[in-house]
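Okay, work12.txt is below, compact mmCIF, C-alpha atoms (C1' of nucleotides):
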```txt
# COMPACT_ATOMS: atom_id res chain seq x y z
CA MET A 675 39.19 -23.94 10.49
CA ALA A 676 41.70 -25.94 12.50
CA LEU A 677 44.03 -26.64 9.64
CA ALA A 678 46.73 -24.27 10.80
CA GLU A 679 49.64 -26.52 11.62
CA THR A 680 49.87 -28.62 8.52
CA ILE A 681 50.14 -25.92 5.92
CA ASP A 682 52.71 -26.01 3.20
CA LEU A 683 54.61 -23.04 1.87
CA GLU A 684 52.13 -22.14 -0.81
CA SER A 685 49.16 -21.85 1.42
CA ARG A 686 50.97 -19.80 4.00
CA VAL A 687 50.02 -16.50 2.49
CA GLU A 688 46.46 -17.63 2.25
CA ALA A 689 46.53 -18.73 5.85
CA GLY A 690 47.80 -15.30 6.79
CA ASP A 691 44.90 -13.74 4.98
CA HIS A 692 42.46 -15.90 6.78
CA GLN A 693 44.07 -14.96 10.02
CA ALA A 694 43.32 -11.31 9.42
CA LEU A 695 39.79 -12.06 8.31
CA LYS A 696 39.01 -14.21 11.29
CA LEU A 697 40.46 -11.60 13.60
CA TRP A 698 38.29 -8.94 12.02
CA LEU A 699 35.13 -11.02 12.24
CA ARG A 700 35.71 -11.68 15.91
CA LEU A 701 36.58 -8.07 16.61
CA LEU A 702 33.43 -6.95 14.86
CA ALA A 703 31.30 -9.43 16.75
CA CYS A 704 32.57 -8.24 20.11
CA THR A 705 32.28 -4.57 19.31
CA THR A 706 28.81 -4.91 17.88
CA ARG A 707 27.67 -6.79 20.93
CA VAL A 708 28.98 -4.18 23.34
CA GLU A 709 27.48 -1.42 21.25
CA THR A 710 24.08 -3.09 21.16
CA VAL A 711 24.06 -3.55 24.92
CA ILE A 712 24.98 0.09 25.43
CA ARG A 713 22.42 1.38 22.95
CA ASN A 714 19.66 -0.70 24.50
CA ARG A 715 20.47 0.40 28.01
CA LEU A 716 20.90 4.03 27.08
CA ARG A 717 17.41 3.92 25.67
CA SER A 718 15.73 1.88 28.38
CA GLU A 719 17.45 3.55 31.33
CA PHE A 720 17.77 7.11 30.11
CA GLY A 721 15.60 7.40 27.03
CA THR A 722 18.54 8.57 24.98
CA THR A 723 20.71 7.45 22.09
CA LEU A 724 24.41 6.99 21.43
CA PRO A 725 24.82 10.09 19.23
CA ARG A 726 23.05 12.26 21.81
CA PHE A 727 25.21 10.84 24.57
CA ASP A 728 28.27 11.38 22.44
CA LEU A 729 27.39 14.99 21.76
CA LEU A 730 26.96 15.70 25.46
CA ALA A 731 30.29 14.02 26.12
CA GLN A 732 31.99 16.29 23.61
CA LEU A 733 30.52 19.36 25.27
CA GLU A 734 31.40 18.18 28.75
CA ARG A 735 35.05 18.10 27.80
CA GLU A 736 34.91 21.61 26.41
CA PRO A 737 33.45 23.99 28.98
CA GLY A 738 33.88 26.92 26.60
CA GLY A 739 31.50 25.26 24.19
CA LEU A 740 31.84 24.10 20.63
CA THR A 741 30.48 25.38 17.35
CA MET A 742 28.16 23.23 15.30
CA GLY A 743 30.99 22.67 12.86
CA GLU A 744 33.36 21.54 15.57
CA LEU A 745 30.76 19.14 16.90
CA SER A 746 30.26 17.83 13.40
CA ALA A 747 33.99 17.21 12.99
CA ARG A 748 34.43 15.55 16.36
CA MET A 749 31.45 13.31 15.99
CA MET A 750 32.43 12.56 12.42
CA VAL A 751 28.98 13.19 11.03
CA THR A 752 27.79 15.86 8.65
CA GLY A 753 26.30 19.16 9.74
CA GLY A 754 22.64 18.48 9.16
CA ASN A 755 22.68 15.74 11.75
CA VAL A 756 24.23 17.92 14.40
CA THR A 757 21.49 20.48 13.91
CA GLY A 758 18.90 17.79 14.60
CA ILE A 759 20.57 16.44 17.70
CA VAL A 760 21.22 19.88 19.16
CA ASP A 761 17.59 20.79 18.47
CA GLN A 762 16.43 17.84 20.51
CA LEU A 763 18.83 18.42 23.38
CA GLU A 764 18.03 22.10 23.45
CA GLY A 765 14.36 21.23 23.58
CA GLU A 766 15.07 19.12 26.65
CA GLY A 767 16.99 21.95 28.24
CA LEU A 768 20.30 20.09 28.28
CA VAL A 769 22.27 22.33 25.93
CA VAL A 770 22.04 25.92 24.67
CA ARG A 771 23.14 27.73 21.56
CA ASN A 772 24.95 30.79 22.88
CA GLU A 773 26.15 33.50 20.61
CA HIS A 774 29.67 33.25 19.33
CA PRO A 775 31.97 36.09 20.47
CA SER A 776 33.56 36.76 17.12
CA ASP A 777 31.41 35.19 14.41
CA ARG A 778 27.75 35.96 14.24
CA ARG A 779 27.07 33.08 11.90
CA ALA A 780 28.20 30.56 14.49
CA PHE A 781 27.13 29.43 17.97
CA ARG A 782 28.90 28.32 21.04
CA VAL A 783 26.91 25.25 21.96
CA GLN A 784 27.26 24.57 25.69
CA LEU A 785 25.84 22.32 28.36
CA THR A 786 23.31 23.88 30.69
CA PRO A 787 23.76 23.14 34.40
CA ALA A 788 20.95 20.63 34.06
CA GLY A 789 22.67 19.15 31.04
CA ARG A 790 25.90 18.79 32.91
CA ARG A 791 24.20 17.11 35.86
CA GLN A 792 22.29 14.77 33.61
CA PHE A 793 25.34 13.88 31.57
CA ARG A 794 27.46 13.17 34.63
CA ARG A 795 24.78 10.96 36.04
CA MET A 796 24.56 9.01 32.80
CA ALA A 797 28.31 8.90 32.30
CA ALA A 798 28.87 7.31 35.70
CA VAL A 799 26.32 4.59 35.02
CA HIS A 800 27.62 4.14 31.50
CA GLU A 801 31.13 3.66 32.77
CA GLY A 802 29.88 0.97 35.12
CA TRP A 803 28.36 -0.87 32.17
CA ILE A 804 31.63 -0.73 30.30
CA VAL A 805 33.55 -1.98 33.30
CA ASP A 806 31.20 -4.96 33.58
CA LEU A 807 31.32 -5.72 29.89
CA PHE A 808 35.11 -5.73 29.87
CA GLU A 809 35.47 -7.73 33.04
CA GLY A 810 36.31 -10.58 30.71
CA TRP A 811 39.83 -9.18 30.61
CA SER A 812 42.24 -8.72 33.47
CA PRO A 813 43.73 -5.26 34.00
CA THR A 814 46.93 -6.51 32.39
CA GLN A 815 45.08 -7.77 29.36
CA LYS A 816 43.20 -4.51 29.07
CA THR A 817 46.42 -2.56 29.06
CA GLN A 818 47.88 -4.90 26.52
CA VAL A 819 44.97 -4.58 24.11
CA HIS A 820 44.83 -0.84 24.64
CA GLU A 821 48.42 -0.59 23.50
CA LEU A 822 47.97 -2.93 20.59
CA LEU A 823 45.02 -0.85 19.46
CA ALA A 824 47.17 2.25 19.52
CA THR A 825 49.40 0.66 16.92
CA LEU A 826 46.47 -0.38 14.81
CA LYS A 827 44.87 3.02 15.07
CA THR A 828 47.99 4.67 13.71
CA HIS A 829 48.05 2.27 10.81
CA LEU A 830 44.36 2.80 10.08
CA ALA A 831 44.79 6.56 9.99
CA SER A 832 46.23 6.24 6.50
CA PHE A 833 43.00 4.83 5.07
CA ASP A 834 40.25 7.00 3.76
CA ALA A 835 37.21 6.56 5.96
CA THR A 836 35.38 9.75 5.13
CA PRO A 837 31.73 9.39 5.95
CA ALA A 838 30.59 10.31 2.47
CA PRO A 839 30.91 7.80 -0.33
CA ARG A 840 31.77 10.64 -2.67
CA ARG A 841 33.75 13.73 -1.79
CA LYS A 842 33.63 16.98 -3.72
CA ASN A 843 36.86 16.78 -5.64
CA LYS A 844 40.13 15.20 -5.16
CA ASP A 845 38.93 11.62 -5.27
CA SER A 846 41.75 10.04 -7.16
CA ALA A 847 39.27 8.23 -9.38
CA MET B 461 40.11 2.36 58.48
CA ALA B 462 42.34 5.36 57.93
CA LEU B 463 41.18 8.11 55.67
CA ALA B 464 44.15 7.74 53.39
CA GLU B 465 43.32 4.13 52.75
CA THR B 466 39.76 4.94 51.81
CA ILE B 467 40.84 7.52 49.30
CA ASP B 468 43.38 5.17 47.89
CA LEU B 469 40.86 2.41 47.44
CA GLU B 470 38.39 4.69 45.81
CA SER B 471 40.80 6.14 43.35
CA ARG B 472 41.96 2.68 42.43
CA VAL B 473 38.48 1.67 41.44
CA GLU B 474 38.09 4.86 39.52
CA ALA B 475 41.36 4.28 37.71
CA GLY B 476 40.19 0.81 36.79
CA ASP B 477 36.96 2.20 35.45
CA HIS B 478 38.73 4.66 33.27
CA GLN B 479 40.94 1.97 31.94
CA ALA B 480 37.97 0.00 30.68
CA LEU B 481 36.35 3.10 29.24
CA LYS B 482 39.44 4.20 27.40
CA LEU B 483 39.92 0.73 26.05
CA TRP B 484 36.36 0.65 24.78
CA LEU B 485 36.61 4.05 23.13
CA ARG B 486 39.74 3.03 21.30
CA LEU B 487 38.29 -0.31 20.31
CA LEU B 488 35.21 1.39 18.98
CA ALA B 489 37.24 3.94 17.05
CA CYS B 490 39.26 1.24 15.31
CA THR B 491 36.30 -0.96 14.52
CA THR B 492 34.21 1.90 13.21
CA ARG B 493 37.02 3.00 10.97
CA VAL B 494 37.53 -0.43 9.47
CA GLU B 495 33.81 -0.83 8.99
CA THR B 496 33.50 2.51 7.25
CA VAL B 497 36.33 1.70 4.87
CA ILE B 498 34.76 -1.65 4.05
CA ARG B 499 31.28 -0.22 3.58
CA ASN B 500 32.59 2.53 1.29
CA ARG B 501 34.60 0.15 -0.82
CA LEU B 502 31.88 -2.44 -1.02
CA ARG B 503 29.64 0.25 -2.43
CA SER B 504 32.10 1.94 -4.75
CA GLU B 505 33.74 -1.24 -6.05
CA PHE B 506 30.81 -3.63 -6.11
CA GLY B 507 27.71 -1.54 -5.61
CA THR B 508 26.72 -3.62 -2.64
CA THR B 509 26.31 -3.30 1.12
CA LEU B 510 27.53 -5.10 4.19
CA PRO B 511 24.25 -6.90 4.96
CA ARG B 512 23.99 -8.12 1.38
CA PHE B 513 27.57 -9.31 1.46
CA ASP B 514 26.94 -10.99 4.78
CA LEU B 515 23.90 -12.80 3.48
CA LEU B 516 25.83 -14.16 0.51
CA ALA B 517 28.58 -15.26 2.87
CA GLN B 518 26.09 -17.19 4.96
CA LEU B 519 24.77 -18.98 1.89
CA GLU B 520 28.21 -19.74 0.55
CA ARG B 521 28.99 -21.70 3.68
CA GLU B 522 25.80 -23.70 3.38
CA PRO B 523 25.53 -25.25 -0.04
CA GLY B 524 22.25 -26.91 0.88
CA GLY B 525 20.72 -23.49 1.39
CA LEU B 526 19.11 -21.83 4.35
CA THR B 527 15.56 -20.89 5.18
CA MET B 528 14.61 -17.26 5.65
CA GLY B 529 14.35 -17.92 9.36
CA GLU B 530 17.82 -19.43 9.53
CA LEU B 531 19.25 -16.46 7.67
CA SER B 532 17.48 -14.15 10.06
CA ALA B 533 18.98 -15.95 13.05
CA ARG B 534 22.51 -16.06 11.64
CA MET B 535 22.52 -12.47 10.59
CA MET B 536 20.92 -11.46 13.87
CA VAL B 537 18.25 -9.33 12.26
CA THR B 538 14.51 -9.77 12.16
CA GLY B 539 12.63 -11.50 9.39
CA GLY B 540 11.31 -8.53 7.50
CA ASN B 541 14.80 -7.38 6.70
CA VAL B 542 15.83 -10.71 5.28
CA THR B 543 12.87 -10.65 2.93
CA GLY B 544 14.05 -7.31 1.60
CA ILE B 545 17.64 -8.34 1.10
CA VAL B 546 16.74 -11.65 -0.52
CA ASP B 547 14.33 -9.79 -2.82
CA GLN B 548 17.13 -7.56 -4.02
CA LEU B 549 19.63 -10.35 -4.47
CA GLU B 550 17.09 -12.52 -6.23
CA GLY B 551 16.34 -9.60 -8.53
CA GLU B 552 20.01 -9.47 -9.40
CA GLY B 553 20.06 -13.19 -10.07
CA LEU B 554 22.51 -13.97 -7.27
CA VAL B 555 20.24 -16.11 -5.09
CA VAL B 556 17.05 -18.15 -5.56
CA ARG B 557 14.22 -19.19 -3.33
CA ASN B 558 13.90 -22.91 -3.97
CA GLU B 559 11.10 -24.93 -2.53
CA HIS B 560 11.68 -26.59 0.78
CA PRO B 561 11.53 -30.40 0.66
CA SER B 562 9.38 -30.89 3.72
CA ASP B 563 7.69 -27.59 4.53
CA ARG B 564 5.74 -25.78 1.90
CA ARG B 565 5.69 -22.58 3.91
CA ALA B 566 9.47 -22.29 3.82
CA PHE B 567 12.18 -21.85 1.18
CA ARG B 568 15.66 -23.11 0.71
CA VAL B 569 17.46 -19.94 -0.25
CA GLN B 570 20.57 -20.78 -2.26
CA LEU B 571 23.27 -19.09 -4.26
CA THR B 572 22.93 -19.30 -8.03
CA PRO B 573 26.09 -20.18 -9.95
CA ALA B 574 26.37 -16.49 -10.82
CA GLY B 575 25.87 -15.60 -7.18
CA ARG B 576 28.61 -17.94 -6.12
CA ARG B 577 31.02 -16.58 -8.71
CA GLN B 578 30.19 -13.02 -7.76
CA PHE B 579 30.50 -13.68 -4.07
CA ARG B 580 33.85 -15.41 -4.44
CA ARG B 581 35.19 -12.57 -6.50
CA MET B 582 34.07 -10.05 -3.89
CA ALA B 583 35.22 -12.17 -0.98
CA ALA B 584 38.74 -12.41 -2.36
CA VAL B 585 38.99 -8.66 -2.80
CA HIS B 586 37.37 -8.06 0.55
CA GLU B 587 39.88 -10.30 2.25
CA GLY B 588 42.66 -8.32 0.67
CA TRP B 589 41.22 -5.14 2.15
CA ILE B 590 41.12 -6.70 5.58
CA VAL B 591 44.67 -7.93 5.28
CA ASP B 592 45.82 -4.41 4.41
CA LEU B 593 43.83 -2.80 7.18
CA PHE B 594 45.28 -5.15 9.77
CA GLU B 595 48.82 -4.91 8.51
CA GLY B 596 49.34 -2.68 11.50
CA TRP B 597 49.75 -5.84 13.55
CA SER B 598 52.32 -8.55 13.15
CA PRO B 599 51.09 -12.12 12.75
CA THR B 600 52.00 -12.73 16.37
CA GLN B 601 50.01 -9.75 17.51
CA LYS B 602 47.06 -10.81 15.42
CA THR B 603 47.07 -14.22 17.02
CA GLN B 604 47.36 -12.67 20.43
CA VAL B 605 44.40 -10.35 19.94
CA HIS B 606 42.37 -13.10 18.34
CA GLU B 607 42.81 -15.18 21.46
CA LEU B 608 42.11 -12.31 23.81
CA LEU B 609 38.93 -11.62 21.92
CA ALA B 610 37.86 -15.21 22.37
CA THR B 611 37.93 -14.66 26.12
CA LEU B 612 36.02 -11.43 25.84
CA LYS B 613 33.46 -12.96 23.54
CA THR B 614 32.71 -15.67 26.06
CA HIS B 615 32.25 -13.10 28.77
CA LEU B 616 30.01 -10.95 26.59
CA ALA B 617 27.77 -13.90 25.81
CA SER B 618 26.17 -13.50 29.22
CA PHE B 619 24.84 -10.04 28.41
CA ASP B 620 21.53 -9.45 26.77
CA ALA B 621 22.10 -7.93 23.37
CA THR B 622 18.81 -8.81 21.73
CA PRO B 623 18.14 -6.47 18.85
CA ALA B 624 14.81 -5.30 20.22
CA PRO B 625 14.76 -2.73 22.99
CA ARG B 626 11.80 -4.40 24.59
CA ARG B 627 11.29 -8.11 24.88
CA LYS B 628 8.19 -10.05 25.74
CA ASN B 629 8.99 -10.69 29.36
CA LYS B 630 11.41 -10.01 32.09
CA ASP B 631 14.91 -8.63 31.83
CA SER B 632 17.16 -11.27 33.30
CA ALA B 633 19.90 -8.80 34.21
C1' DT C 1381 33.16 34.44 -3.01
C1' DA C 1382 33.60 31.37 1.01
C1' DT C 1383 31.78 29.68 5.22
C1' DT C 1384 28.33 28.59 9.18
C1' DG C 1385 24.44 26.62 10.01
C1' DT C 1386 19.47 25.19 8.62
C1' DT C 1387 16.09 22.95 5.96
C1' DA C 1388 14.40 19.44 3.14
C1' DT C 1389 15.01 15.11 1.30
C1' DA C 1390 16.54 10.42 0.72
C1' DC C 1391 18.67 6.11 1.64
C1' DT C 1392 20.31 2.26 4.64
C1' DC C 1393 19.44 -0.59 8.30
C1' DT C 1394 16.61 -2.31 11.53
C1' DA C 1395 12.35 -3.18 14.43
C1' DT C 1396 7.23 -4.16 15.09
C1' DA C 1397 2.77 -5.71 13.88
C1' DA C 1398 -0.82 -7.40 11.03
C1' DC C 1399 -1.49 -10.65 7.58
C1' DT C 1400 -1.29 -15.26 4.44
C1' DA C 1401 -0.42 -19.79 3.78
C1' DT C 1402 0.75 -23.56 5.48
C1' DA C 1403 1.62 -26.99 9.55
C1' DT D 1495 -3.27 -22.78 17.44
C1' DA D 1496 1.55 -22.16 16.02
C1' DT D 1497 4.97 -21.18 12.55
C1' DA D 1498 7.34 -19.34 7.97
C1' DG D 1499 7.48 -15.71 5.45
C1' DT D 1500 5.57 -11.10 3.56
C1' DT D 1501 3.94 -6.53 3.72
C1' DA D 1502 3.62 -2.10 5.56
C1' DT D 1503 5.18 1.13 8.57
C1' DA D 1504 8.25 3.52 11.78
C1' DG D 1505 12.33 5.35 13.53
C1' DA D 1506 17.44 5.69 14.08
C1' DG D 1507 21.27 7.32 11.84
C1' DT D 1508 23.46 9.34 8.24
C1' DA D 1509 24.31 11.73 3.65
C1' DT D 1510 23.43 15.42 0.00
C1' DA D 1511 22.01 19.75 -1.80
C1' DA D 1512 19.91 24.22 -1.87
C1' DC D 1513 19.58 28.12 0.89
C1' DA D 1514 20.11 32.34 4.29
C1' DA D 1515 23.01 35.06 6.97
C1' DT D 1516 27.43 36.59 7.71
C1' DA D 1517 32.44 36.87 6.85
```

structure tokens encoding of this file:
Amino acid sequence: MALAETIDLESRVEAGDHQALKLWLRLLACTTRVETVIRNRLRSEFGTTLPRFDLLAQLEREPGGLTMGELSARMMVTGGNVTGIVDQLEGEGLVVRNEHPSDRRAFRVQLTPAGRRQFRRMAAVHEGWIVDLFEGWSPTQKTQVHELLATLKTHLASFDATPAPRRKNKDSA
Amino acid sequence: MALAETIDLESRVEAGDHQALKLWLRLLACTTRVETVIRNRLRSEFGTTLPRFDLLAQLEREPGGLTMGELSARMMVTGGNVTGIVDQLEGEGLVVRNEHPSDRRAFRVQLTPAGRRQFRRMAAVHEGWIVDLFEGWSPTQKTQVHELLATLKTHLASFDATPAPRRKNKDSA
DNA sequence: TATTGTTATACTCTATAACTATA
DNA sequence: TATAGTTATAGAGTATAACAATA
């Protein structure tokens, strides 16, 4: 653990590896904790879930609506799941499947006025939770991490993180 | 208080809120991506999962073994899940339930020699993946974030993130 | 023939509750 | 009575594949 200073040349690479691993473990611990708090509160306060909240958030940003396929892509989940979530939200009167102007196979999924009201109410509370949770960092630190994460995000973009374990073709294997 | 001042104050708070939210979204995006890559590779390369890997990691650190309850606490999941994972790993010959010296209800779950070999092999590869994924940051940046996360982690410790949505008694928040 | 979305199914991960065998 | 672990069940959350309607 605290062996850092006395390393010789040979173990330096290994120490570097451990540095990355320890960083990852800590990052994961923090993220998981925040996520759990948010999930729990979303359920207890609003009787909803993270994917449902996420779907509403996607629609709120796109007043013209989104197709099921676009929702699927933005939420990074496969189509069948989107159908299920939209079914639920439509049942609650928060979203509607409107007809698509140019493709009769597709829909323009949009927020209803009630859906928009409900989402905004939740989003405001949600944002308050996030603010509290990240109060551990000063504004300067937040900015700093935000920028560091931008770098990391770019780097990570080159890794294959497709949801499916197996893609149709093209898998180099 | 002048109107202009009020507006200014309000928008400052709002700006601060958005800062935290944007930070969280980016943090979540990065973490999710890393996790997905790791999960996919763990499955495709070793036919295993993150919880199974995690359980082996817990045992590797504790040569004397751990009880089911201790595993449950360290992995932050409830008991029934641990039973399932240990069943699988025991079936594969990677861990054993040995008898507990002083409590006949409990076990000392331990790695088998094969389990230790297998875990070490996986852990080395796994660490390489992490190193690659975090190559986006310089060693200095890694250290920096690691320390910032320590601060955040401390702050987060005061929030209730119990797995269960509903606990026996009162919410302390 | 390709694509949009639905249906049906399955698997992972996790929680709860009732149960057993000790303590 | 309380605790360690198991069993059975439930419910998110996600994936795959076969299918219908339309392009």

For chain A against chain D, which residues fall within 8 Å using all atoms listed in the file, given as a ChimeraX atom specification? /A:751-752,755,777-779,838

So which one's closest to chain A, B:Asp547, B:Glu522, B:Asp514, B:Glu559? Using all atoms listed in the file, please. B:Asp514

Enumerate, as a PyMOL selection string, the protein, DNA and RNA residues whose atoms approach (40.2, -0.8, 4.6) to within 6 Å, taking into account only C-alpha atoms (C1' of nucleotides) and the coordinate frame of the file. chain B and resi 494+497-498+589+593

Can I have chain B aligned to chain A? Use a least-squares fit on all Cα atoms paired in order and write it out as a compact mmCIF listing (two decimals) with C-alpha atoms, keeping the file's coordinate frame.
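New file out_22.txt:
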```
# COMPACT_ATOMS: atom_id res chain seq x y z
CA MET B 461 59.82 -25.45 -6.11
CA ALA B 462 58.31 -28.71 -4.95
CA LEU B 463 54.59 -29.13 -5.04
CA ALA B 464 54.39 -29.80 -1.34
CA GLU B 465 56.02 -26.50 -0.57
CA THR B 466 53.57 -24.60 -2.72
CA ILE B 467 50.61 -26.15 -1.00
CA ASP B 468 52.13 -25.48 2.35
CA LEU B 469 52.71 -21.84 1.57
CA GLU B 470 49.25 -21.38 0.26
CA SER B 471 47.54 -22.94 3.19
CA ARG B 472 49.61 -20.83 5.53
CA VAL B 473 48.34 -17.67 3.95
CA GLU B 474 44.84 -18.99 4.08
CA ALA B 475 45.20 -19.86 7.74
CA GLY B 476 46.43 -16.35 8.41
CA ASP B 477 43.46 -14.91 6.61
CA HIS B 478 41.05 -16.91 8.64
CA GLN B 479 42.72 -15.83 11.79
CA ALA B 480 42.09 -12.19 11.00
CA LEU B 481 38.52 -12.89 9.96
CA LYS B 482 37.70 -14.83 13.07
CA LEU B 483 39.24 -12.15 15.20
CA TRP B 484 37.16 -9.50 13.50
CA LEU B 485 33.93 -11.45 13.85
CA ARG B 486 34.52 -11.92 17.54
CA LEU B 487 35.51 -8.31 18.03
CA LEU B 488 32.40 -7.19 16.24
CA ALA B 489 30.19 -9.50 18.27
CA CYS B 490 31.52 -8.14 21.55
CA THR B 491 31.36 -4.51 20.53
CA THR B 492 27.86 -4.81 19.13
CA ARG B 493 26.68 -6.44 22.30
CA VAL B 494 28.10 -3.75 24.54
CA GLU B 495 26.69 -1.07 22.30
CA THR B 496 23.24 -2.61 22.33
CA VAL B 497 23.22 -2.84 26.11
CA ILE B 498 24.29 0.78 26.40
CA ARG B 499 21.78 2.02 23.84
CA ASN B 500 18.93 0.13 25.53
CA ARG B 501 19.81 1.40 28.96
CA LEU B 502 20.38 4.94 27.83
CA ARG B 503 16.88 4.89 26.44
CA SER B 504 15.12 3.08 29.25
CA GLU B 505 16.93 4.84 32.11
CA PHE B 506 17.39 8.31 30.68
CA GLY B 507 15.23 8.50 27.59
CA THR B 508 18.20 9.47 25.50
CA THR B 509 20.35 8.09 22.69
CA LEU B 510 24.01 7.50 22.05
CA PRO B 511 24.50 10.46 19.68
CA ARG B 512 22.82 12.81 22.13
CA PHE B 513 24.95 11.48 24.95
CA ASP B 514 28.03 11.82 22.79
CA LEU B 515 27.24 15.41 21.94
CA LEU B 516 26.85 16.32 25.60
CA ALA B 517 30.14 14.58 26.33
CA GLN B 518 31.88 16.67 23.70
CA LEU B 519 30.53 19.87 25.22
CA GLU B 520 31.38 18.85 28.74
CA ARG B 521 35.03 18.62 27.79
CA GLU B 522 34.97 22.06 26.23
CA PRO B 523 33.61 24.59 28.66
CA GLY B 524 34.12 27.39 26.16
CA GLY B 525 31.67 25.68 23.83
CA LEU B 526 31.97 24.37 20.33
CA THR B 527 30.62 25.51 17.01
CA MET B 528 28.22 23.33 15.07
CA GLY B 529 31.02 22.58 12.65
CA GLU B 530 33.38 21.51 15.42
CA LEU B 531 30.73 19.24 16.86
CA SER B 532 30.17 17.77 13.44
CA ALA B 533 33.87 17.04 13.05
CA ARG B 534 34.29 15.53 16.51
CA MET B 535 31.25 13.36 16.26
CA MET B 536 32.19 12.38 12.72
CA VAL B 537 28.76 13.06 11.30
CA THR B 538 27.63 15.65 8.81
CA GLY B 539 26.23 19.03 9.71
CA GLY B 540 22.56 18.41 9.21
CA ASN B 541 22.54 15.80 11.92
CA VAL B 542 24.14 18.08 14.45
CA THR B 543 21.47 20.68 13.85
CA GLY B 544 18.83 18.09 14.67
CA ILE B 545 20.47 16.86 17.83
CA VAL B 546 21.23 20.35 19.11
CA ASP B 547 17.61 21.33 18.39
CA GLN B 548 16.37 18.51 20.58
CA LEU B 549 18.80 19.17 23.39
CA GLU B 550 18.12 22.88 23.29
CA GLY B 551 14.42 22.11 23.48
CA GLU B 552 15.09 20.14 26.63
CA GLY B 553 17.09 23.00 28.08
CA LEU B 554 20.35 21.06 28.22
CA VAL B 555 22.37 23.13 25.75
CA VAL B 556 22.23 26.66 24.31
CA ARG B 557 23.36 28.26 21.12
CA ASN B 558 25.25 31.33 22.28
CA GLU B 559 26.51 33.91 19.88
CA HIS B 560 30.00 33.52 18.58
CA PRO B 561 32.36 36.36 19.56
CA SER B 562 33.93 36.86 16.17
CA ASP B 563 31.70 35.22 13.56
CA ARG B 564 28.06 36.08 13.40
CA ARG B 565 27.29 33.09 11.22
CA ALA B 566 28.42 30.65 13.90
CA PHE B 567 27.36 29.70 17.43
CA ARG B 568 29.13 28.69 20.56
CA VAL B 569 27.08 25.72 21.63
CA GLN B 570 27.42 25.20 25.38
CA LEU B 571 25.97 23.12 28.16
CA THR B 572 23.47 24.87 30.42
CA PRO B 573 23.92 24.32 34.15
CA ALA B 574 21.03 21.86 33.94
CA GLY B 575 22.69 20.17 30.99
CA ARG B 576 25.92 19.80 32.88
CA ARG B 577 24.18 18.36 35.92
CA GLN B 578 22.19 15.97 33.78
CA PHE B 579 25.19 14.89 31.78
CA ARG B 580 27.29 14.25 34.87
CA ARG B 581 24.55 12.19 36.41
CA MET B 582 24.23 10.11 33.26
CA ALA B 583 27.97 9.85 32.75
CA ALA B 584 28.49 8.42 36.23
CA VAL B 585 25.84 5.77 35.70
CA HIS B 586 27.09 5.07 32.22
CA GLU B 587 30.59 4.53 33.50
CA GLY B 588 29.26 2.05 35.99
CA TRP B 589 27.64 0.10 33.16
CA ILE B 590 30.91 0.00 31.28
CA VAL B 591 32.80 -1.14 34.33
CA ASP B 592 30.34 -4.01 34.79
CA LEU B 593 30.41 -4.99 31.15
CA PHE B 594 34.19 -5.14 31.13
CA GLU B 595 34.48 -6.96 34.41
CA GLY B 596 35.21 -9.97 32.26
CA TRP B 597 38.78 -8.73 32.05
CA SER B 598 41.22 -8.19 34.86
CA PRO B 599 42.83 -4.77 35.18
CA THR B 600 45.97 -6.22 33.65
CA GLN B 601 44.06 -7.57 30.70
CA LYS B 602 42.29 -4.28 30.23
CA THR B 603 45.58 -2.46 30.10
CA GLN B 604 46.95 -5.00 27.68
CA VAL B 605 44.03 -4.69 25.28
CA HIS B 606 44.03 -0.93 25.59
CA GLU B 607 47.62 -0.87 24.43
CA LEU B 608 47.05 -3.37 21.65
CA LEU B 609 44.19 -1.25 20.42
CA ALA B 610 46.45 1.77 20.31
CA THR B 611 48.61 -0.05 17.78
CA LEU B 612 45.62 -1.10 15.75
CA LYS B 613 44.16 2.37 15.81
CA THR B 614 47.33 3.81 14.36
CA HIS B 615 47.29 1.25 11.59
CA LEU B 616 43.62 1.87 10.84
CA ALA B 617 44.22 5.60 10.52
CA SER B 618 45.64 5.00 7.06
CA PHE B 619 42.36 3.64 5.73
CA ASP B 620 39.69 5.81 4.27
CA ALA B 621 36.64 5.65 6.48
CA THR B 622 34.93 8.85 5.42
CA PRO B 623 31.24 8.65 6.20
CA ALA B 624 30.18 9.31 2.62
CA PRO B 625 30.33 6.48 0.11
CA ARG B 626 31.41 8.85 -2.60
CA ARG B 627 33.84 11.68 -2.18
CA LYS B 628 34.55 14.59 -4.44
CA ASN B 629 37.66 13.23 -6.05
CA LYS B 630 39.92 10.28 -6.26
CA ASP B 631 40.11 7.31 -3.96
CA SER B 632 43.63 7.29 -2.61
CA ALA B 633 43.62 3.56 -1.89
```

Compute the set of chain C residues within 12 Å of chain A, using all atoms listed in the file, and express it as a PyMOL selection string. chain C and resi 1383-1389

Define the interface residues of chain B facing chain A as those within 8 Å, counting only C-alpha atoms, and report them as a PyMOL selection string. chain B and resi 476-484+486-491+493-494+496-497+500+503-504+587-588+590-591+593-597+599+601-603+605-606+608-616+619-625

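Pairwise distance (atom CA of Arg790 of chain A, atom CA of His774 of chain A) equals 20.2 Å.
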
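You will find atom CA of Gln578 of chain B at 19.2 Å from atom CA of Leu531 of chain B.
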
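Atom pair atom CA of Gly575 of chain B / atom CA of Leu516 of chain B: separated by 7.8 Å.
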
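For the residues A:Glu766, A:Arg748, A:Pro787, A:Ile759, ranking by smallest atom-to-atom distance to Leu724 of chain A using only C-alpha atoms places A:Ile759 first.
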
Quick one: everything within 7 Å of Leu785 of chain A, counting only C-alpha atoms (C1' of nucleotides), minus sequence neighbours fewer than 6 positions away in the same chain. Send it as a list in words. Leu733, Glu734, Leu768, Val769 and Val770 of chain A
